[in-house]
Each structure stands twice: as structure tokens, then as C-alpha cells.
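**Student:** Structure in C-alpha cells, see below.
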Amino acid sequence: MPAKPTSNPNFDMHANTPSWLRRCGAALESIALGIMWLGLPLAPVFMALIRWDIAPLRRYPASWRRAVAHTSQLSRVGVIRRGVEQRFAPRGEAAYRIEGGCTHCGQCCVNGLCVFVDFDAEGRSSCAIHGKWFFRWLSCGVYPRTQRDIDAYACPSFRAVPPIAAPRRVLTLKVER
């Protein structure tokens with residue numbers, strides 16, 4: 001597991017986002033996080049059902065602590081708010097092409113604190129819900145969409161490349177006198 005969650009201090013989550021959309025995203029995030037905080041005692045049960053594995057129930061105290069860390073990090077990084085903003089905001093960064101490939105560092109998994117990510121002995125991450133029917137509806141299922149996503153987690157393996165401008169066609173005009 002990564003030693004310490006990182007974040008990019010230059011990251012501006014609200015760049016080019018309309019204020020009404022920021023307020024809606026913040027409200028939805030507050031509601032979702034409130035429900036998650038209230039449901040923390042049942043978090044290991046939900047983890048077991050979603051993973052289709054009883055391990056979180058067998059290790060209830062550790063699973064509960066992991067759910068607390070996960071929920072705290074969701075709040076800190078603004079995953080829910082950013083997801084709402086990206087789904088409904090104007091597509092200014094849509095022309096950018098995302099390059100790179102996953103190195104399984106776990107940074108995009110809520111900075112390594114996601115309840116569904118596990119790390120092997122070499123520190124490579126794997127997701128217990130990757131490929132499940134609901135995975136594509138989560139923010140991680142479409143990661144990375146934009147440079148903002150990459151910056152939010154200080155991802156070392158992806159980058160957004162600006163579109164290549166089409167060469168300008170130059171016409172020469174002959175002026176006759």
C-alpha cells in the first residue's frame with residue numbers, strides 16, 4: 001500500500017465549471033457522504049455483498065477502519081463532486097487525448113484507500129470490483145477522463161495531450177499589375 005496519500009497542490013477542481021453545477025455537485029456529495037457516514041456500521045456488510053466475498057465480515061474491525069479511511073478520502077479528494085461536474089459540465093477538455101497505461105500504483109483508487117483495492121507483495125494494486133456491472137458508473141470506471149483527473153491523484157502513468165492543430169493551408173495570390 002502507498003506510504004502516504006498524495007495530492008497535487010496546484011490542482012483546481014473548479015476550473016471552468018459553472019457555479020450552479022459546483023453547488024449541485026457539492027450538495028450531492030454532502031448527501032452521499034452523509035449517507036455513507038451514517039451507514040459505516042454496515043459498511044463491511046456492503047463490502048462483502050459488492051465483492052461477493054465474506055472476507056470483510058470475517059475481518060470486521062479492519063474492514064470498518066478501511067471504510068472510515070475510504071469515506072474520509074472521498075471527502076478530501078472530492079470524487080463525487082468532480083464526477084457530477086464532469087458528467088454535466090461543458091466539454092472544454094474533451095478534445096484532449098489521454099495517453100498512457102495503468103501501472104497499478106493505486107493512486108487513482110482514492111489515493112490507495114479505496115475499500116475495494118488490494119495490494120500485492122510488490123505494491124501493485126488490483127480492484128475487487130473491476131469489470132462488474134456497476135463499475136462503469138463509478139468515477140474509477142471512466143478514469144481518467146481529463147487532465148483534471150490525472151492531476152487530482154498525481155497519477156504517474158497517464159497524461160492528457162492537446163489536439164494537434166491541422167496544418168494551415170496557405171494560398172499564394174499572384175498580383176498582376
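Order determines the names: the first chain of the C-alpha cells is A, the second B, and so forth; residues in each chain are numbered 1 upward, and ligands are numbered 1 upward as they are shown.
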For Gly25 of chain A, list every protein, DNA or RNA residue within 8 Å, evaluated using only C-alpha atoms, and leave out those in the same chain fewer than 4 positions away; present the list as a count of residues only.

**Tutor:** 7

**Student:** Output as a ChimeraX atom specification all residues of segment 141-174 of chain A that backbone DSSP marks as strand (DSSP E).

**Tutor:** /A:158-161

**Student:** Residues at most 9 Å from segment 46-62 of chain A, counting only C-alpha atoms, excluding those fewer than 2 positions away in the same chain, as a ChimeraX atom specification?

**Tutor:** /A:42-44,64-67,115-116,128-129

**Student:** Write to file, as a PDB file, in the first residue's frame, the residues of the selection just made, with N, CA and C atoms.

**Tutor:**
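The resulting file, selection_31.pdb, is shown below:
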```pdb
ATOM      1  N   LEU A  42     -22.554  -0.642   8.885  1.00  0.00           N
ATOM      2  CA  LEU A  42     -22.907  -1.702   7.934  1.00  0.00           C
ATOM      3  C   LEU A  42     -21.946  -1.794   6.759  1.00  0.00           C
ATOM      4  N   ALA A  43     -20.930  -0.951   6.720  1.00  0.00           N
ATOM      5  CA  ALA A  43     -20.013  -0.909   5.585  1.00  0.00           C
ATOM      6  C   ALA A  43     -19.383  -2.278   5.271  1.00  0.00           C
ATOM      7  N   PRO A  44     -18.894  -3.029   6.268  1.00  0.00           N
ATOM      8  CA  PRO A  44     -18.329  -4.339   5.929  1.00  0.00           C
ATOM      9  C   PRO A  44     -19.345  -5.296   5.298  1.00  0.00           C
ATOM     10  N   TRP A  64     -14.010  -2.086   8.848  1.00  0.00           N
ATOM     11  CA  TRP A  64     -14.671  -0.854   9.275  1.00  0.00           C
ATOM     12  C   TRP A  64     -13.684   0.320   9.246  1.00  0.00           C
ATOM     13  N   ARG A  65     -12.461   0.107   9.743  1.00  0.00           N
ATOM     14  CA  ARG A  65     -11.441   1.166   9.718  1.00  0.00           C
ATOM     15  C   ARG A  65     -11.104   1.559   8.279  1.00  0.00           C
ATOM     16  N   ARG A  66     -11.069   0.577   7.416  1.00  0.00           N
ATOM     17  CA  ARG A  66     -10.794   0.857   5.998  1.00  0.00           C
ATOM     18  C   ARG A  66     -11.932   1.666   5.374  1.00  0.00           C
ATOM     19  N   ALA A  67     -13.168   1.378   5.762  1.00  0.00           N
ATOM     20  CA  ALA A  67     -14.322   2.136   5.257  1.00  0.00           C
ATOM     21  C   ALA A  67     -14.285   3.582   5.756  1.00  0.00           C
ATOM     22  N   VAL A 115     -11.905   0.895  -0.510  1.00  0.00           N
ATOM     23  CA  VAL A 115     -12.193  -0.363   0.187  1.00  0.00           C
ATOM     24  C   VAL A 115     -12.126  -1.567  -0.749  1.00  0.00           C
ATOM     25  N   PHE A 116     -12.121  -1.336  -2.053  1.00  0.00           N
ATOM     26  CA  PHE A 116     -12.117  -2.447  -2.996  1.00  0.00           C
ATOM     27  C   PHE A 116     -10.755  -2.710  -3.621  1.00  0.00           C
ATOM     28  N   ALA A 128     -11.158  -5.275  -6.675  1.00  0.00           N
ATOM     29  CA  ALA A 128     -12.074  -6.410  -6.482  1.00  0.00           C
ATOM     30  C   ALA A 128     -13.370  -6.254  -7.267  1.00  0.00           C
ATOM     31  N   ILE A 129     -13.691  -5.040  -7.717  1.00  0.00           N
ATOM     32  CA  ILE A 129     -14.957  -4.833  -8.432  1.00  0.00           C
ATOM     33  C   ILE A 129     -14.750  -4.458  -9.889  1.00  0.00           C
TER      34      ILE A 129
END
```

**Student:** Taking a cut-off of 12 Å and counting only C-alpha atoms, can you build a table that, for each residue of segment 46-121 of chain A near segment 141-150 of chain A, reports the nearest atom pair and how far apart they are in Å (one decimal), sorted by chain then residue number, as JSON lines?

**Tutor:**
```
{"residue": "A:Val77", "atom": "CA", "partner": "A:Asp149", "partner_atom": "CA", "distance": 10.4}
{"residue": "A:Gly78", "atom": "CA", "partner": "A:Asp149", "partner_atom": "CA", "distance": 10.8}
{"residue": "A:Val79", "atom": "CA", "partner": "A:Asp149", "partner_atom": "CA", "distance": 9.4}
{"residue": "A:Arg82", "atom": "CA", "partner": "A:Asp149", "partner_atom": "CA", "distance": 8.5}
{"residue": "A:Gly83", "atom": "CA", "partner": "A:Asp149", "partner_atom": "CA", "distance": 9.6}
{"residue": "A:Glu85", "atom": "CA", "partner": "A:Arg148", "partner_atom": "CA", "distance": 11.3}
{"residue": "A:Gln86", "atom": "CA", "partner": "A:Arg145", "partner_atom": "CA", "distance": 8.3}
{"residue": "A:Arg87", "atom": "CA", "partner": "A:Arg145", "partner_atom": "CA", "distance": 10.1}
{"residue": "A:Arg91", "atom": "CA", "partner": "A:Thr146", "partner_atom": "CA", "distance": 9.8}
{"residue": "A:Gly92", "atom": "CA", "partner": "A:Thr146", "partner_atom": "CA", "distance": 9.6}
{"residue": "A:Glu93", "atom": "CA", "partner": "A:Thr146", "partner_atom": "CA", "distance": 6.4}
{"residue": "A:Ala94", "atom": "CA", "partner": "A:Thr146", "partner_atom": "CA", "distance": 7.3}
{"residue": "A:Ala95", "atom": "CA", "partner": "A:Thr146", "partner_atom": "CA", "distance": 9.5}
{"residue": "A:Tyr96", "atom": "CA", "partner": "A:Thr146", "partner_atom": "CA", "distance": 7.5}
{"residue": "A:Arg97", "atom": "CA", "partner": "A:Thr146", "partner_atom": "CA", "distance": 8.5}
{"residue": "A:Ile98", "atom": "CA", "partner": "A:Thr146", "partner_atom": "CA", "distance": 7.3}
{"residue": "A:Glu99", "atom": "CA", "partner": "A:Pro144", "partner_atom": "CA", "distance": 9.7}
{"residue": "A:Gly100", "atom": "CA", "partner": "A:Pro144", "partner_atom": "CA", "distance": 10.2}
{"residue": "A:Gly101", "atom": "CA", "partner": "A:Pro144", "partner_atom": "CA", "distance": 10.3}
{"residue": "A:Cys102", "atom": "CA", "partner": "A:Pro144", "partner_atom": "CA", "distance": 10.2}
{"residue": "A:Gln107", "atom": "CA", "partner": "A:Ile150", "partner_atom": "CA", "distance": 9.6}
{"residue": "A:Cys108", "atom": "CA", "partner": "A:Tyr143", "partner_atom": "CA", "distance": 7.7}
{"residue": "A:Cys109", "atom": "CA", "partner": "A:Tyr143", "partner_atom": "CA", "distance": 9.8}
{"residue": "A:Val110", "atom": "CA", "partner": "A:Asp149", "partner_atom": "CA", "distance": 11.3}
{"residue": "A:Asn111", "atom": "CA", "partner": "A:Ile150", "partner_atom": "CA", "distance": 11.7}
```

**Student:** For the residues selected in the previous step, produce a file with N, CA and C atoms as a short mmCIF file (atom, residue, chain, number, x, y, z; two decimals), in the first residue's frame.

**Tutor:**
```
data_model
loop_
_atom_site.label_atom_id
_atom_site.label_comp_id
_atom_site.auth_asym_id
_atom_site.auth_seq_id
_atom_site.Cartn_x
_atom_site.Cartn_y
_atom_site.Cartn_z
N VAL A 77 -10.76 14.35 -1.45
CA VAL A 77 -10.43 14.45 -2.87
C VAL A 77 -11.59 15.02 -3.68
N GLY A 78 -12.81 14.90 -3.19
CA GLY A 78 -13.97 15.44 -3.91
C GLY A 78 -14.38 14.59 -5.09
N VAL A 79 -14.29 13.27 -4.94
CA VAL A 79 -14.58 12.35 -6.04
C VAL A 79 -16.02 12.50 -6.53
N ARG A 82 -16.58 15.98 -8.22
CA ARG A 82 -15.90 16.03 -9.52
C ARG A 82 -16.60 15.15 -10.54
N GLY A 83 -17.11 14.02 -10.12
CA GLY A 83 -17.85 13.14 -11.02
C GLY A 83 -19.11 13.80 -11.55
N GLU A 85 -19.62 17.09 -11.72
CA GLU A 85 -19.20 18.19 -12.57
C GLU A 85 -18.78 17.70 -13.95
N GLN A 86 -18.06 16.59 -14.00
CA GLN A 86 -17.58 16.09 -15.29
C GLN A 86 -18.70 15.54 -16.16
N ARG A 87 -19.69 14.95 -15.55
CA ARG A 87 -20.79 14.40 -16.35
C ARG A 87 -21.67 15.48 -16.97
N ARG A 91 -17.77 20.52 -22.20
CA ARG A 91 -16.65 19.64 -22.54
C ARG A 91 -15.44 20.40 -23.09
N GLY A 92 -14.86 21.30 -22.32
CA GLY A 92 -13.71 22.07 -22.76
C GLY A 92 -12.48 21.22 -22.98
N GLU A 93 -12.28 20.20 -22.14
CA GLU A 93 -11.09 19.37 -22.25
C GLU A 93 -11.32 18.13 -23.10
N ALA A 94 -12.51 18.00 -23.67
CA ALA A 94 -12.87 16.78 -24.39
C ALA A 94 -11.97 16.53 -25.60
N ALA A 95 -11.41 17.58 -26.18
CA ALA A 95 -10.58 17.40 -27.36
C ALA A 95 -9.22 16.79 -27.01
N TYR A 96 -8.84 16.83 -25.75
CA TYR A 96 -7.56 16.28 -25.35
C TYR A 96 -7.60 14.75 -25.42
N ARG A 97 -6.50 14.18 -25.83
CA ARG A 97 -6.38 12.73 -25.94
C ARG A 97 -5.60 12.23 -24.72
N ILE A 98 -6.10 11.19 -24.07
CA ILE A 98 -5.43 10.62 -22.91
C ILE A 98 -4.46 9.55 -23.40
N GLU A 99 -3.21 9.66 -22.96
CA GLU A 99 -2.18 8.68 -23.31
C GLU A 99 -1.63 8.04 -22.05
N GLY A 100 -1.13 6.84 -22.20
CA GLY A 100 -0.52 6.13 -21.08
C GLY A 100 -1.25 4.85 -20.79
N GLY A 101 -0.79 4.17 -19.79
CA GLY A 101 -1.41 2.92 -19.37
C GLY A 101 -1.26 2.75 -17.87
N CYS A 102 -2.15 1.99 -17.31
CA CYS A 102 -2.15 1.79 -15.86
C CYS A 102 -0.89 1.05 -15.42
N GLN A 107 -2.91 5.04 -7.01
CA GLN A 107 -3.21 6.45 -6.73
C GLN A 107 -4.64 6.81 -7.09
N CYS A 108 -5.13 6.31 -8.23
CA CYS A 108 -6.49 6.66 -8.66
C CYS A 108 -7.56 5.95 -7.84
N CYS A 109 -7.17 5.00 -7.04
CA CYS A 109 -8.10 4.27 -6.17
C CYS A 109 -8.24 5.03 -4.85
N VAL A 110 -8.75 6.24 -4.95
CA VAL A 110 -8.90 7.14 -3.81
C VAL A 110 -7.58 7.21 -3.04
N ASN A 111 -6.51 7.45 -3.79
CA ASN A 111 -5.15 7.52 -3.26
C ASN A 111 -4.77 6.27 -2.47
#
```

**Student:** At what distance in Å, to one decimal, does atom CA of Gly112 of chain A lie from atom CA of Ala27 of chain A?

**Tutor:**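 Value for the atom CA of Ala27 of chain A-atom CA of Gly112 of chain A distance: 25.3 Å.
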
**Student:** Grab the atom CA of Ser157 of chain A to atom CA of Ser72 of chain A distance for me, in Å with one decimal place.

**Tutor:** 24.9 Å

**Student:** Identify, on the basis of only C-alpha atoms, every residue whose closest approach to Gly106 of chain A does not exceed 10 Å; exclude the query and any residue fewer than 5 positions from it along the same chain; express the result as a PDB file with N, CA and C atoms, in the first residue's frame.

**Tutor:**
```pdb
ATOM      1  N   MET A   1       0.857  -1.176   0.000  1.00  0.00           N
ATOM      2  CA  MET A   1       0.000   0.000   0.000  1.00  0.00           C
ATOM      3  C   MET A   1       0.897   1.231   0.000  1.00  0.00           C
ATOM      4  N   PRO A   2       0.488   2.301  -0.711  1.00  0.00           N
ATOM      5  CA  PRO A   2       1.295   3.516  -0.724  1.00  0.00           C
ATOM      6  C   PRO A   2       1.508   4.035   0.684  1.00  0.00           C
ATOM      7  N   PRO A   5      -0.953   9.105   1.201  1.00  0.00           N
ATOM      8  CA  PRO A   5      -1.710   9.638   0.077  1.00  0.00           C
ATOM      9  C   PRO A   5      -1.102  10.951  -0.399  1.00  0.00           C
ATOM     10  N   ASN A 111      -6.515   7.451  -3.793  1.00  0.00           N
ATOM     11  CA  ASN A 111      -5.149   7.524  -3.255  1.00  0.00           C
ATOM     12  C   ASN A 111      -4.766   6.274  -2.471  1.00  0.00           C
ATOM     13  N   GLY A 112      -5.199   5.118  -2.968  1.00  0.00           N
ATOM     14  CA  GLY A 112      -4.849   3.849  -2.348  1.00  0.00           C
ATOM     15  C   GLY A 112      -5.713   3.467  -1.162  1.00  0.00           C
ATOM     16  N   LEU A 113      -6.728   4.249  -0.849  1.00  0.00           N
ATOM     17  CA  LEU A 113      -7.556   3.985   0.328  1.00  0.00           C
ATOM     18  C   LEU A 113      -8.932   3.415   0.005  1.00  0.00           C
ATOM     19  N   CYS A 114      -9.184   3.072  -1.242  1.00  0.00           N
ATOM     20  CA  CYS A 114     -10.477   2.504  -1.621  1.00  0.00           C
ATOM     21  C   CYS A 114     -10.680   1.155  -0.919  1.00  0.00           C
ATOM     22  N   VAL A 117      -9.750  -1.918  -3.279  1.00  0.00           N
ATOM     23  CA  VAL A 117      -8.416  -2.118  -3.850  1.00  0.00           C
ATOM     24  C   VAL A 117      -7.568  -2.925  -2.874  1.00  0.00           C
ATOM     25  N   ASP A 118      -6.833  -3.860  -3.422  1.00  0.00           N
ATOM     26  CA  ASP A 118      -5.896  -4.664  -2.641  1.00  0.00           C
ATOM     27  C   ASP A 118      -4.516  -4.515  -3.274  1.00  0.00           C
ATOM     28  N   PHE A 119      -3.472  -4.643  -2.480  1.00  0.00           N
ATOM     29  CA  PHE A 119      -2.102  -4.530  -2.959  1.00  0.00           C
ATOM     30  C   PHE A 119      -1.373  -5.848  -2.743  1.00  0.00           C
ATOM     31  N   GLY A 123       3.478  -4.261  -4.183  1.00  0.00           N
ATOM     32  CA  GLY A 123       2.840  -2.956  -4.125  1.00  0.00           C
ATOM     33  C   GLY A 123       1.955  -2.630  -5.311  1.00  0.00           C
ATOM     34  N   ARG A 124       1.643  -3.612  -6.152  1.00  0.00           N
ATOM     35  CA  ARG A 124       0.766  -3.398  -7.309  1.00  0.00           C
ATOM     36  C   ARG A 124      -0.684  -3.568  -6.872  1.00  0.00           C
ATOM     37  N   SER A 125      -1.521  -2.651  -7.329  1.00  0.00           N
ATOM     38  CA  SER A 125      -2.927  -2.673  -6.921  1.00  0.00           C
ATOM     39  C   SER A 125      -3.760  -3.566  -7.831  1.00  0.00           C
ATOM     40  N   SER A 126      -4.836  -4.076  -7.271  1.00  0.00           N
ATOM     41  CA  SER A 126      -5.849  -4.789  -8.046  1.00  0.00           C
ATOM     42  C   SER A 126      -7.200  -4.457  -7.424  1.00  0.00           C
ATOM     43  N   CYS A 127      -8.200  -4.356  -8.300  1.00  0.00           N
ATOM     44  CA  CYS A 127      -9.528  -3.937  -7.861  1.00  0.00           C
ATOM     45  C   CYS A 127     -10.461  -5.143  -7.790  1.00  0.00           C
ATOM     46  N   TYR A 153      -5.053  13.062  -8.602  1.00  0.00           N
ATOM     47  CA  TYR A 153      -4.391  11.949  -7.919  1.00  0.00           C
ATOM     48  C   TYR A 153      -2.890  11.914  -8.162  1.00  0.00           C
ATOM     49  N   CYS A 155      -1.301  11.247 -10.811  1.00  0.00           N
ATOM     50  CA  CYS A 155      -1.097   9.967 -11.494  1.00  0.00           C
ATOM     51  C   CYS A 155       0.209   9.980 -12.286  1.00  0.00           C
TER      52      CYS A 155
END
```

**Student:** So how many Å separate atom CA of Ala152 of chain A and atom CA of Leu28 of chain A, to one decimal?

**Tutor:**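 Answer for the atom CA of Ala152 of chain A to atom CA of Leu28 of chain A separation: 19.4 Å.
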
**Student:** May I have all residues of segment 27-176 of chain A that DSSP, computed from the backbone, assigns to alpha helix (DSSP H), given as a PyMOL selection string?

**Tutor:** chain A and resi 27-38+43-51+55-58+60-77+79-88+147-152
